[in-house]
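Undergrad: Dropping in input_14.txt, with compact mmCIF, C-alpha atoms.
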```
# COMPACT_ATOMS: atom_id res chain seq x y z
CA MET A 1 0.00 0.00 0.00
CA ASN A 2 1.43 3.38 -1.03
CA ILE A 3 0.14 6.26 1.12
CA LEU A 4 0.60 9.99 0.61
CA ALA A 5 0.21 11.73 3.98
CA ILE A 6 -0.11 15.46 4.67
CA SER A 7 0.64 16.55 8.24
CA PHE A 8 1.86 20.02 9.15
CA ALA A 9 3.27 18.70 12.43
CA TYR A 10 5.93 16.01 12.63
CA PRO A 11 8.95 15.47 14.93
CA PRO A 12 10.91 17.30 16.14
CA THR A 13 8.21 20.02 16.16
CA ALA A 14 6.89 20.18 19.73
CA LEU A 15 3.18 19.83 19.04
CA PRO A 16 0.78 17.06 20.14
CA ARG A 17 -0.02 16.38 16.48
CA SER A 18 3.67 15.57 15.87
CA ILE A 19 3.43 12.71 18.34
CA GLN A 20 0.16 11.46 16.90
CA ALA A 21 1.35 11.55 13.27
CA ALA A 22 4.66 9.84 14.07
CA ARG A 23 2.98 7.21 16.24
CA LEU A 24 0.60 6.33 13.43
CA LEU A 25 2.86 6.60 10.37
CA ALA A 26 6.39 5.68 11.52
CA GLY A 27 6.93 1.93 11.22
CA LEU A 28 3.54 1.46 9.55
CA ASP A 29 3.25 -1.65 7.39
CA ALA A 30 2.96 0.46 4.24
CA ASN A 31 5.02 2.70 1.99
CA VAL A 32 4.44 6.22 3.31
CA THR A 33 5.42 9.49 1.66
CA LEU A 34 4.89 12.26 4.18
CA VAL A 35 4.75 15.97 3.43
CA CYS A 36 5.20 18.00 6.63
CA ALA A 37 6.33 21.49 7.62
CA ASN A 38 9.83 22.82 7.94
CA TRP A 39 8.57 25.42 10.40
CA THR A 40 11.26 28.06 10.88
CA ASP A 41 9.75 29.39 14.13
CA ALA A 42 8.75 26.03 15.57
CA PRO A 43 9.30 25.00 19.19
CA LEU A 44 11.38 21.82 19.08
CA ASP A 45 11.53 18.67 21.20
CA THR A 46 14.16 16.21 20.01
CA THR A 47 12.88 13.48 22.35
CA ILE A 48 9.75 13.00 20.20
CA TYR A 49 10.56 9.95 18.07
CA PRO A 50 14.08 10.99 17.04
CA ASP A 51 14.16 8.21 14.40
CA ALA A 52 10.75 9.04 12.94
CA ASP A 53 12.15 10.09 9.54
CA LYS A 54 14.04 6.81 9.19
CA GLN A 55 10.86 4.76 9.70
CA ILE A 56 9.05 6.31 6.74
CA GLN A 57 9.83 5.74 3.07
CA MET A 58 10.05 9.45 2.23
CA VAL A 59 9.71 12.68 4.22
CA GLU A 60 9.34 15.95 2.33
CA ARG A 61 9.59 19.09 4.49
CA VAL A 62 8.05 22.24 3.03
CA LYS A 63 9.08 25.56 4.55
CA PHE A 64 6.62 27.53 6.62
CA GLY A 65 7.40 30.72 8.50
CA SER A 66 6.59 34.37 8.83
CA SER A 67 8.83 37.41 8.77
CA GLY A 68 8.99 39.99 11.51
CA LEU A 69 7.06 42.39 9.27
CA GLN A 70 4.28 39.82 8.71
CA ARG A 71 3.94 39.23 12.45
CA LEU A 72 3.80 43.00 13.05
CA VAL A 73 1.07 43.42 10.41
CA SER A 74 -0.89 40.57 12.04
CA ARG A 75 -0.73 42.24 15.47
CA ILE A 76 -1.78 45.62 14.09
CA LEU A 77 -4.66 44.12 12.11
CA TYR A 78 -5.80 42.14 15.15
CA ARG A 79 -6.10 45.34 17.18
CA ALA A 80 -7.59 47.43 14.36
CA SER A 81 -10.21 45.02 12.97
CA ARG A 82 -10.91 41.64 14.54
CA SER A 83 -13.25 40.68 11.67
CA ALA A 84 -10.58 41.41 9.05
CA TRP A 85 -8.02 39.49 11.09
CA ASN A 86 -10.38 36.53 11.37
CA ARG A 87 -10.97 36.60 7.62
CA LEU A 88 -7.23 36.33 6.99
CA TYR A 89 -6.02 34.16 9.84
CA ARG A 90 -9.06 32.04 10.79
CA ASN A 91 -9.98 30.84 7.33
CA PRO A 92 -9.37 28.17 8.50
CA ASP A 93 -6.19 29.12 10.38
CA GLN A 94 -2.90 31.00 10.27
CA TYR A 95 -1.23 28.13 8.37
CA ARG A 96 -3.16 28.59 5.12
CA SER A 97 -0.15 30.13 3.38
CA TRP A 98 1.42 26.65 3.59
CA VAL A 99 -1.19 25.21 1.20
CA LYS A 100 0.21 26.40 -2.14
CA PRO A 101 3.88 25.47 -1.47
CA VAL A 102 2.75 21.96 -0.51
CA LEU A 103 0.65 21.58 -3.65
CA ASP A 104 3.66 22.71 -5.70
CA ARG A 105 5.97 20.25 -3.93
CA VAL A 106 3.60 17.32 -4.37
CA SER A 107 3.40 18.04 -8.10
CA GLU A 108 7.19 17.57 -8.23
CA LEU A 109 7.22 14.17 -6.50
CA PRO A 110 8.46 11.34 -8.75
CA GLN A 111 5.71 9.22 -10.30
CA ASN A 112 5.65 5.42 -10.51
CA GLU A 113 6.38 4.54 -14.12
CA THR A 114 4.51 1.22 -14.03
CA GLU A 115 1.20 2.54 -12.67
CA THR A 116 -1.14 5.37 -13.62
CA GLU A 117 -0.86 6.78 -10.10
CA ARG A 118 2.01 6.57 -7.66
CA PHE A 119 -0.20 6.47 -4.56
CA ASP A 120 -3.07 4.24 -3.52
CA CYS A 121 -4.50 6.58 -0.89
CA LEU A 122 -4.22 10.15 0.41
CA VAL A 123 -4.46 10.98 4.13
CA SER A 124 -4.55 14.51 5.59
CA PHE A 125 -4.09 15.22 9.31
CA GLY A 126 -5.75 18.11 11.13
CA GLN A 127 -5.05 20.25 13.04
CA PRO A 128 -4.23 22.60 11.46
CA PHE A 129 -7.25 22.21 9.21
CA SER A 130 -5.39 23.85 6.34
CA CYS A 131 -4.04 20.33 5.78
CA HIS A 132 -7.55 19.27 4.74
CA LEU A 133 -7.66 22.05 2.14
CA ILE A 134 -4.52 20.48 0.68
CA GLY A 135 -6.18 17.06 0.78
CA ARG A 136 -9.30 18.40 -0.94
CA GLU A 137 -7.25 19.86 -3.80
CA LEU A 138 -4.99 16.82 -4.18
CA LYS A 139 -8.00 14.52 -4.41
CA LYS A 140 -9.20 16.55 -7.40
CA ARG A 141 -5.80 16.67 -9.08
CA MET A 142 -4.64 13.10 -8.43
CA ARG A 143 -8.03 11.35 -8.28
CA LEU A 144 -7.06 9.49 -5.14
CA PRO A 145 -9.31 8.08 -2.42
CA TRP A 146 -8.95 10.49 0.48
CA ILE A 147 -9.11 10.08 4.27
CA ALA A 148 -9.47 13.28 6.32
CA TYR A 149 -8.34 12.65 9.91
CA PHE A 150 -9.97 15.37 12.00
CA SER A 151 -8.76 14.29 15.43
CA ASP A 152 -10.55 17.11 17.30
CA PRO A 153 -13.71 18.88 16.04
CA TRP A 154 -13.23 21.74 13.60
CA VAL A 155 -16.02 24.32 13.91
CA ASP A 156 -17.33 22.87 17.18
CA ASN A 157 -14.02 23.28 19.03
CA GLN A 158 -14.63 25.72 21.90
CA PHE A 159 -10.94 26.69 21.94
CA ASN A 160 -11.00 28.13 18.39
CA GLY A 161 -12.71 31.36 19.44
CA TYR A 162 -14.51 32.01 16.14
CA ASP A 163 -16.69 35.08 15.78
CA LEU A 164 -19.89 34.81 13.71
CA HIS A 165 -18.10 35.65 10.46
CA SER A 166 -15.17 33.27 10.89
CA ARG A 167 -17.55 30.54 12.06
CA SER A 168 -19.56 30.95 8.86
CA LEU A 169 -16.40 30.74 6.75
CA ASN A 170 -15.21 27.62 8.53
CA LEU A 171 -18.60 25.92 8.32
CA LYS A 172 -18.36 26.20 4.53
CA LEU A 173 -14.80 24.87 4.51
CA GLU A 174 -15.65 22.00 6.84
CA ARG A 175 -18.64 21.03 4.69
CA SER A 176 -16.52 21.03 1.53
CA VAL A 177 -14.03 18.69 3.21
CA VAL A 178 -16.65 16.34 4.67
CA GLU A 179 -18.49 16.09 1.36
CA SER A 180 -15.31 15.55 -0.69
CA ALA A 181 -13.51 13.06 1.58
CA ASP A 182 -14.12 9.34 1.21
CA LEU A 183 -13.65 8.66 4.92
CA VAL A 184 -13.55 11.02 7.91
CA LEU A 185 -11.70 9.84 11.04
CA MET A 186 -12.41 11.23 14.50
CA ASN A 187 -11.31 10.26 17.99
CA SER A 188 -14.63 9.27 19.53
CA GLU A 189 -18.25 8.44 18.83
CA GLU A 190 -19.22 11.57 20.75
CA THR A 191 -17.21 13.73 18.33
CA ILE A 192 -18.88 12.07 15.35
CA ASP A 193 -22.33 12.64 16.83
CA LEU A 194 -21.55 16.31 17.52
CA VAL A 195 -20.01 17.16 14.15
CA PHE A 196 -22.32 15.13 11.93
CA ALA A 197 -25.51 16.40 13.58
CA ARG A 198 -25.63 19.02 10.80
CA TYR A 199 -24.97 16.55 7.96
CA ASP A 200 -27.14 13.96 6.25
CA GLU A 201 -26.87 10.22 6.81
CA ARG A 202 -24.85 9.73 3.64
CA SER A 203 -22.12 12.00 4.98
CA LYS A 204 -22.22 10.46 8.46
CA ALA A 205 -21.74 7.02 6.89
CA LYS A 206 -18.19 8.12 6.04
CA ALA A 207 -17.26 8.68 9.69
CA ARG A 208 -15.04 6.25 11.59
CA VAL A 209 -13.47 6.31 15.08
CA LEU A 210 -9.67 6.20 15.28
CA PRO A 211 -8.34 6.98 18.77
CA HIS A 212 -4.96 8.26 19.83
CA ALA A 213 -2.44 5.60 20.80
CA TYR A 214 0.27 5.06 23.39
CA ASP A 215 3.64 3.44 22.71
CA GLU A 216 4.46 0.69 25.19
CA GLY A 217 8.17 0.88 24.36
CA LEU A 218 8.68 4.46 25.54
CA TYR A 219 7.87 4.19 29.24
CA GLY A 220 10.96 2.42 30.55
CA ASP A 221 11.08 1.34 34.19
CA ARG A 222 7.60 1.23 35.77
CA SER A 223 8.42 2.14 39.36
CA SER A 224 6.13 4.19 41.60
CA ALA A 225 7.19 7.38 43.34
CA ASP A 226 9.95 6.96 45.91
CA GLY A 227 9.37 7.45 49.62
CA ASP A 228 6.21 7.61 51.68
CA THR A 229 4.78 10.71 50.00
CA ILE A 230 1.96 10.06 47.52
CA VAL A 231 2.71 11.93 44.31
CA ILE A 232 -0.19 12.81 42.04
CA ARG A 233 0.69 14.60 38.82
CA HIS A 234 -1.03 16.54 36.08
CA ILE A 235 1.20 16.68 33.00
CA GLY A 236 0.28 19.09 30.23
CA GLU A 237 -0.56 22.71 29.53
CA PHE A 238 -3.40 24.80 30.91
CA TYR A 239 -4.86 27.44 28.59
CA GLY A 240 -8.11 29.23 27.91
CA PRO A 241 -10.93 27.77 30.04
CA ARG A 242 -8.80 24.74 30.98
CA SER A 243 -7.36 25.64 34.39
CA PRO A 244 -6.20 24.09 37.71
CA VAL A 245 -8.75 26.26 39.55
CA PRO A 246 -11.29 23.40 40.13
CA LEU A 247 -8.57 21.30 41.80
CA LEU A 248 -7.37 24.15 44.01
CA ARG A 249 -10.92 25.00 45.11
CA ALA A 250 -11.50 21.36 46.09
CA ILE A 251 -8.25 21.17 48.09
CA ILE A 252 -9.10 24.39 49.95
CA GLY A 253 -12.62 23.15 50.64
CA THR A 254 -11.32 19.85 52.00
CA ASP A 255 -8.82 21.62 54.21
CA SER A 256 -11.57 23.73 55.78
CA VAL A 257 -13.22 20.50 57.00
CA ASP A 258 -10.15 18.34 57.66
CA ASP A 259 -6.80 20.11 57.54
CA HIS A 260 -4.92 16.80 57.68
CA ARG A 261 -6.80 15.03 54.85
CA PHE A 262 -4.03 15.57 52.30
CA ASP A 263 -1.05 15.21 54.62
CA GLY A 264 1.63 13.19 52.87
CA VAL A 265 0.17 13.97 49.44
CA SER A 266 1.95 16.08 46.83
CA PHE A 267 0.15 17.46 43.77
CA GLU A 268 2.51 18.36 40.92
CA LEU A 269 1.21 20.36 37.94
CA VAL A 270 3.83 20.03 35.22
CA GLY A 271 3.53 22.31 32.19
CA ASP A 272 2.82 25.87 31.12
CA TYR A 273 -0.22 27.70 32.45
CA GLU A 274 -1.89 31.08 32.20
CA THR A 275 -1.92 33.15 35.39
CA GLY A 276 -4.82 35.25 36.59
CA PRO A 277 -6.11 36.87 39.79
CA GLU A 278 -8.20 33.88 40.89
CA LEU A 279 -5.48 31.33 40.20
CA GLU A 280 -2.85 33.43 41.98
CA GLU A 281 -5.12 33.85 45.01
CA LEU A 282 -5.91 30.12 45.24
CA ALA A 283 -2.31 29.07 44.65
CA SER A 284 -1.13 31.30 47.53
CA HIS A 285 -3.70 29.90 49.98
CA PRO A 286 -2.10 27.97 52.90
CA ALA A 287 -4.22 24.89 52.09
CA THR A 288 -2.58 24.55 48.66
CA ARG A 289 0.95 24.42 50.05
CA ASN A 290 1.21 20.84 48.77
CA VAL A 291 0.47 21.92 45.17
CA ILE A 292 3.67 22.42 43.19
CA PHE A 293 3.79 24.10 39.76
CA LYS A 294 6.63 22.97 37.49
CA LYS A 295 7.75 24.08 34.06
CA ARG A 296 7.07 22.24 30.83
CA ILE A 297 9.40 19.30 30.17
CA PRO A 298 10.39 17.29 27.06
CA TYR A 299 7.96 14.61 25.93
CA LEU A 300 10.02 11.55 26.82
CA GLU A 301 10.68 12.97 30.27
CA SER A 302 6.94 13.48 30.73
CA LEU A 303 6.35 9.77 30.13
CA ASN A 304 8.99 8.93 32.72
CA LEU A 305 7.27 11.24 35.21
CA MET A 306 3.98 9.44 34.59
CA ASN A 307 5.77 6.19 35.35
CA ARG A 308 7.07 7.55 38.64
CA SER A 309 3.69 8.85 39.79
CA ASP A 310 1.30 7.20 42.21
CA GLY A 311 -1.69 8.74 40.45
CA LEU A 312 -2.44 10.98 37.47
CA LEU A 313 -4.82 13.91 37.05
CA LEU A 314 -6.75 14.95 33.98
CA ILE A 315 -8.29 18.43 34.21
CA ASP A 316 -10.58 19.60 31.40
CA ALA A 317 -12.41 22.85 30.77
CA PRO A 318 -15.84 23.23 32.42
CA GLY A 319 -18.90 22.60 30.27
CA GLU A 320 -22.11 20.66 29.96
CA SER A 321 -20.24 17.95 28.06
CA SER A 322 -16.91 17.32 26.31
CA VAL A 323 -16.21 15.27 23.19
CA PHE A 324 -12.44 15.67 23.48
CA LEU A 325 -10.14 12.68 23.83
CA PRO A 326 -6.93 14.30 25.15
CA SER A 327 -3.80 12.64 23.82
CA LYS A 328 -2.22 12.91 27.28
CA LEU A 329 -5.04 10.76 28.68
CA ILE A 330 -3.98 7.99 26.31
CA ASP A 331 -0.37 8.43 27.44
CA TYR A 332 -1.66 8.17 31.02
CA ILE A 333 -3.33 4.87 30.13
CA GLY A 334 -0.06 3.56 28.75
CA SER A 335 1.70 4.32 32.04
CA GLU A 336 -0.70 1.95 33.89
CA ARG A 337 -1.19 4.45 36.73
CA PRO A 338 -4.54 5.25 38.42
CA ILE A 339 -6.33 8.21 36.83
CA PHE A 340 -8.64 10.82 38.33
CA GLY A 341 -10.49 13.04 35.88
CA ILE A 342 -11.89 16.49 36.58
CA THR A 343 -13.88 16.52 33.37
CA PRO A 344 -17.46 17.10 32.16
CA PRO A 345 -19.64 14.18 31.02
CA GLY A 346 -18.44 12.92 27.67
CA THR A 347 -15.57 11.05 26.06
CA ALA A 348 -12.82 11.35 28.68
CA ASP A 349 -15.27 10.87 31.56
CA ARG A 350 -16.63 7.67 29.99
CA LEU A 351 -13.19 6.25 29.24
CA ILE A 352 -11.74 6.91 32.70
CA ARG A 353 -14.71 5.23 34.34
CA GLN A 354 -14.48 2.25 31.96
CA LEU A 355 -10.86 1.84 33.04
CA GLY A 356 -11.89 1.84 36.70
CA GLY A 357 -10.90 5.41 37.53
CA ALA A 358 -12.85 8.20 39.20
CA THR A 359 -14.23 11.42 37.72
CA ALA A 360 -16.00 14.60 38.81
CA ASN A 361 -17.41 17.57 36.92
CA PRO A 362 -15.17 20.70 37.02
CA ASN A 363 -18.19 22.71 38.17
CA ASP A 364 -18.96 20.40 41.10
CA THR A 365 -16.44 21.26 43.83
CA ALA A 366 -18.15 19.03 46.40
CA ALA A 367 -17.93 16.00 44.11
CA ILE A 368 -14.25 16.71 43.35
CA ARG A 369 -13.52 16.88 47.09
CA THR A 370 -15.28 13.61 47.91
CA ARG A 371 -14.05 11.56 44.96
CA LEU A 372 -10.51 12.90 45.11
CA ALA A 373 -10.30 11.81 48.76
CA CYS A 374 -11.52 8.32 47.85
CA PHE A 375 -9.06 8.22 44.95
CA ILE A 376 -6.18 8.99 47.30
CA ASP A 377 -7.35 6.29 49.73
CA MET A 378 -7.26 3.78 46.88
CA ILE A 379 -3.72 4.86 46.00
CA LYS A 380 -2.65 4.49 49.63
CA ASP A 381 -3.97 0.94 49.65
CA ARG A 382 -2.07 0.11 46.46
CA LYS A 383 1.09 1.64 47.88
CA ASN A 384 0.76 -0.17 51.22
CA LEU A 385 0.30 -3.45 49.38
CA ARG A 386 3.26 -2.59 47.13
CA SER A 387 1.09 -3.65 44.21
CA SER A 388 2.94 -4.03 40.91
CA GLU A 389 -0.20 -4.95 38.99
CA PRO A 390 -0.98 -2.70 36.00
CA TRP A 391 -3.86 -0.37 36.82
CA GLY A 392 -6.88 -0.17 34.56
CA GLU A 393 -9.12 -2.61 32.73
CA GLN A 394 -6.77 -4.52 30.43
CA SER A 395 -9.24 -4.97 27.56
CA ILE A 396 -9.76 -1.18 27.45
CA ARG A 397 -6.03 -0.39 27.66
CA GLU A 398 -5.22 -2.74 24.79
CA THR A 399 -7.47 -0.89 22.35
CA PHE A 400 -5.15 2.13 22.57
CA ASP A 401 -1.88 0.26 22.07
CA ARG A 402 0.08 1.65 19.12
CA LYS A 403 0.10 -1.60 17.14
CA ALA A 404 -3.66 -2.03 17.55
CA VAL A 405 -4.37 1.54 16.38
CA GLN A 406 -1.99 1.23 13.41
CA LYS A 407 -3.77 -1.98 12.37
CA GLN A 408 -7.11 -0.21 12.64
CA PHE A 409 -5.79 2.70 10.56
CA LEU A 410 -4.56 0.39 7.80
CA GLY A 411 -7.98 -1.24 7.81
CA PHE A 412 -9.54 2.15 7.05
CA VAL A 413 -6.98 2.76 4.27
CA ASN A 414 -7.84 -0.61 2.71
CA GLU A 415 -11.57 0.13 3.03
CA CYS A 416 -11.11 3.48 1.34
CA VAL A 417 -9.10 1.99 -1.55
CA MET A 418 -11.49 -0.93 -2.07
CA ASN A 419 -14.51 1.40 -2.13
CA GLU A 420 -12.79 3.48 -4.80
CA MET A 421 -12.04 0.39 -6.89
CA ARG A 422 -15.67 -0.79 -6.68
CA GLU A 423 -16.86 2.60 -7.89
```
As structure tokens - that is how I would like this structure written.

TA:
Amino acid sequence: MNILAISFAYPPTALPRSIQAARLLAGLDANVTLVCANWTDAPLDTTIYPDADKQIQMVERVKFGSSGLQRLVSRILYRASRSAWNRLYRNPDQYRSWVKPVLDRVSELPQNETETERFDCLVSFGQPFSCHLIGRELKKRMRLPWIAYFSDPWVDNQFNGYDLHSRSLNLKLERSVVESADLVLMNSEETIDLVFARYDERSKAKARVLPHAYDEGLYGDRSSADGDTIVIRHIGEFYGPRSPVPLLRAIIGTDSVDDHRFDGVSFELVGDYETGPELEELASHPATRNVIFKKRIPYLESLNLMNRSDGLLLIDAPGESSVFLPSKLIDYIGSERPIFGITPPGTADRLIRQLGGATANPNDTAAIRTRLACFIDMIKDRKNLRSSEPWGEQSIRETFDRKAVQKQFLGFVNECVMNEMRE
């Protein structure tokens, strides 16, 4: 099987999508030609699959970057006219200028002399969703069956911050992608239900679930935290409405009832976060003295920290529900450590409970207090018993193993190709 893949992010670019693309494509039982970004301003993390390029047949890196003048113009336009800025930089995103250079580069790729087409299938990875605009155009030009891997929702993503105009623009773009693609991959059934509520049954029939994966070989020694202190970690960034505030409120509330309840427990929040008056006030409260904020660390080191934790925290943004399947949650599952989720009803909540973990809604401080205390008691029991048993329902964990997800992905590629041949 010869696959042409379009993914803006790929190692060593320090983006979650780099990990996901490498985990799915590197070492895949197929011939993969990947076009990704040579991003001149990119944050880098050389611990993310350092051999990823060697495990793919061909990697073509197409330059993306902006000059100081372009960044200045963007800032000025943002302040002067938000609607004009949205039209330029949210249609669908600030990476749209990468589309044409990629189309030009693909047209220069060598063709297979023995076949009418070099590739059997085209796969585009979002985010950024500009990658799907490339996929849409390449499908027309090369007449290839096309899989659009959405990962997270496009228009329905609460973190995108669209105004009415940019939302309208992106609805049109999303519809053009959904209607042109042969298959659309998303991370959960909840995401499919949300996105395809505005489409007909024919379009929804194209949707398939492909989750994130963890890589068993990256975790190393599985030893719990040293000493008598129970170490519970949250690993990942906080931004926008996603904040440690619900956790801090619960700790302060527990302390007001029992100021010894969390003695011997350390909460470590590892990663970047946005400060604000409420967060600063809660973080300086005497009851949160056992909450430690640490800077962002390289990816491989984050997996090692998961391994050396007694428990792991997932904290999502408040809301009535959440369709997101955070990639760090899947990494948590791979570490085999107990998980507590402060998350609304939805995908992550369902998965954590299926594994045997505990959850509470970010808006329900009383529930967080009660269930967090029970979670810690469970960890204490495991630690006292010196249990080395993997935590979490094994049949659930296995569905997210890298090999299982790669096999599932290849099944979708084969389905897409066979459907095209029948037509």

Undergrad: Check the smallest atom-to-atom distance from each of A:Met142, A:Leu15, A:Gly264, A:Val184 to Glu237 in chain A using all atoms listed in the file, then report the winner.

TA: A:Leu15

Undergrad: At a cut-off of 12 Å, using all atoms listed in the file, what residues contact Val257 in chain A? Leave out same-chain residues fewer than 3 positions from it and give the result as a list in words.

TA: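 Those residues are Ala250, Ile251, Ile252, Gly253, Thr254, His260, Arg261, Phe262, Ala287, Ala366, Arg369 and Thr370 of chain A.
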
Undergrad: Please produce a file of the residues just selected, as a short mmCIF file (atom, residue, chain, number, x, y, z; two decimals), keeping the file's coordinate frame, where the atoms kept are C-alpha atoms.

TA:
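Ended up saving to part-v6.cif:
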```cif
data_model
loop_
_atom_site.label_atom_id
_atom_site.label_comp_id
_atom_site.auth_asym_id
_atom_site.auth_seq_id
_atom_site.Cartn_x
_atom_site.Cartn_y
_atom_site.Cartn_z
CA ALA A 250 -11.50 21.36 46.09
CA ILE A 251 -8.25 21.17 48.09
CA ILE A 252 -9.10 24.39 49.95
CA GLY A 253 -12.62 23.15 50.64
CA THR A 254 -11.32 19.85 52.00
CA HIS A 260 -4.92 16.80 57.68
CA ARG A 261 -6.80 15.03 54.85
CA PHE A 262 -4.03 15.57 52.30
CA ALA A 287 -4.22 24.89 52.09
CA ALA A 366 -18.15 19.03 46.40
CA ARG A 369 -13.52 16.88 47.09
CA THR A 370 -15.28 13.61 47.91
#
```

Undergrad: Mind checking which residues fall within 9 Å of Leu329 in chain A, counting all atoms listed in the file, ignoring those fewer than 5 positions away in the same chain, and posting them as a VMD selection string?

TA: chain A and resid 313 to 314 334 339 348 352

Undergrad: Keeping only C-alpha atoms, write those residues as an mmCIF file, in the frame of the given file.

TA:
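And here's part_17.cif as it stands now:
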```cif
data_model
loop_
_atom_site.group_PDB
_atom_site.id
_atom_site.type_symbol
_atom_site.label_atom_id
_atom_site.label_comp_id
_atom_site.auth_asym_id
_atom_site.auth_seq_id
_atom_site.Cartn_x
_atom_site.Cartn_y
_atom_site.Cartn_z
ATOM 1 C CA LEU A 313 -4.820 13.910 37.050
ATOM 2 C CA LEU A 314 -6.750 14.950 33.980
ATOM 3 C CA GLY A 334 -0.060 3.560 28.750
ATOM 4 C CA ILE A 339 -6.330 8.210 36.830
ATOM 5 C CA ALA A 348 -12.820 11.350 28.680
ATOM 6 C CA ILE A 352 -11.740 6.910 32.700
#
```

Undergrad: If we count all atoms listed in the file, what is near Met378 in chain A at a cut-off of 12 Å, once residues fewer than 4 positions away on the same chain are taken out, given as a list in words?

TA: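 Listing them by chain and then by number gives Ile230, Asp310, Gly311, Arg337, Pro338, Ile339, Phe340, Gly356, Gly357, Ala358, Arg371, Leu372, Ala373, Cys374, Arg382, Lys383, Asn384, Leu385, Ser387 and Trp391 of chain A.
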
Undergrad: Just want the 7 Å neighbourhood of Asp316 in chain A, counted on all atoms listed in the file, with same-chain residues fewer than 3 positions away dropped. Output as a list in words.

TA: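 Counting all atoms listed in the file, the residues come to Arg242, Ile342 and Thr343 of chain A.
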
Undergrad: In Å, rounded to a single decimal, give me how far CA of Gly276 in chain A is from CA of Pro153 in chain A.

TA: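 It comes out at 27.7 Å.
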
Undergrad: Select, from A:Pro92, A:Pro50, A:Pro110, A:Gly319, the residue with the minimum atom-to-atom distance to Leu169 in chain A, counting only C-alpha atoms.

TA: A:Pro92

Undergrad: Work out how far apart CA of Leu303 in chain A and CA of Tyr332 in chain A are and give it in Å to one decimal.

TA: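 Computing the Euclidean distance for CA of Leu303 in chain A and CA of Tyr332 in chain A yields 8.2 Å.
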
Undergrad: Which neighbours of Met1 in chain A fall inside 10 Å, counting all atoms listed in the file, when residues of the same chain fewer than 2 positions from it are skipped, and could you give them as a list in words?

TA: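 Residues near the query, excluding close chain neighbours: Ile3, Asp29, Ala30, Asn31, Val32, Phe119, Asp120, Cys121, Leu410, Val413, Asn414 and Val417 of chain A.
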
Undergrad: Would you please work out which residue, of A:Arg143, A:Arg167, A:Lys295, A:Arg208, is nearest to Glu420 in chain A when using all atoms listed in the file?

TA: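 Closest to Glu420 in chain A of all the choices is A:Arg143.
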
Undergrad: What does the structure give for the distance between CA of Ser284 in chain A and CA of Pro244 in chain A, in Å to one decimal?

TA: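 Between these atoms lies a distance of 13.2 Å.
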
Undergrad: Kindly indicate which residue among A:Glu280, A:Asp45, A:Glu268, A:Glu393 lies nearest to Ile19 in chain A, using all atoms listed in the file for the distances.

TA: A:Asp45

Undergrad: Using only C-alpha atoms and a cutoff of 10 Å, can you tell me which residues are near (8.8, 18.4, 31.2) in the file's coordinates, and write them out as a ChimeraX atom specification?

TA: /A:235-236,270-272,294-305

Undergrad: From the list A:Asp156, A:Asp215, A:Glu108, A:Glu320, which residue is nearest Gln20 in chain A when using only C-alpha atoms?

TA: A:Asp215
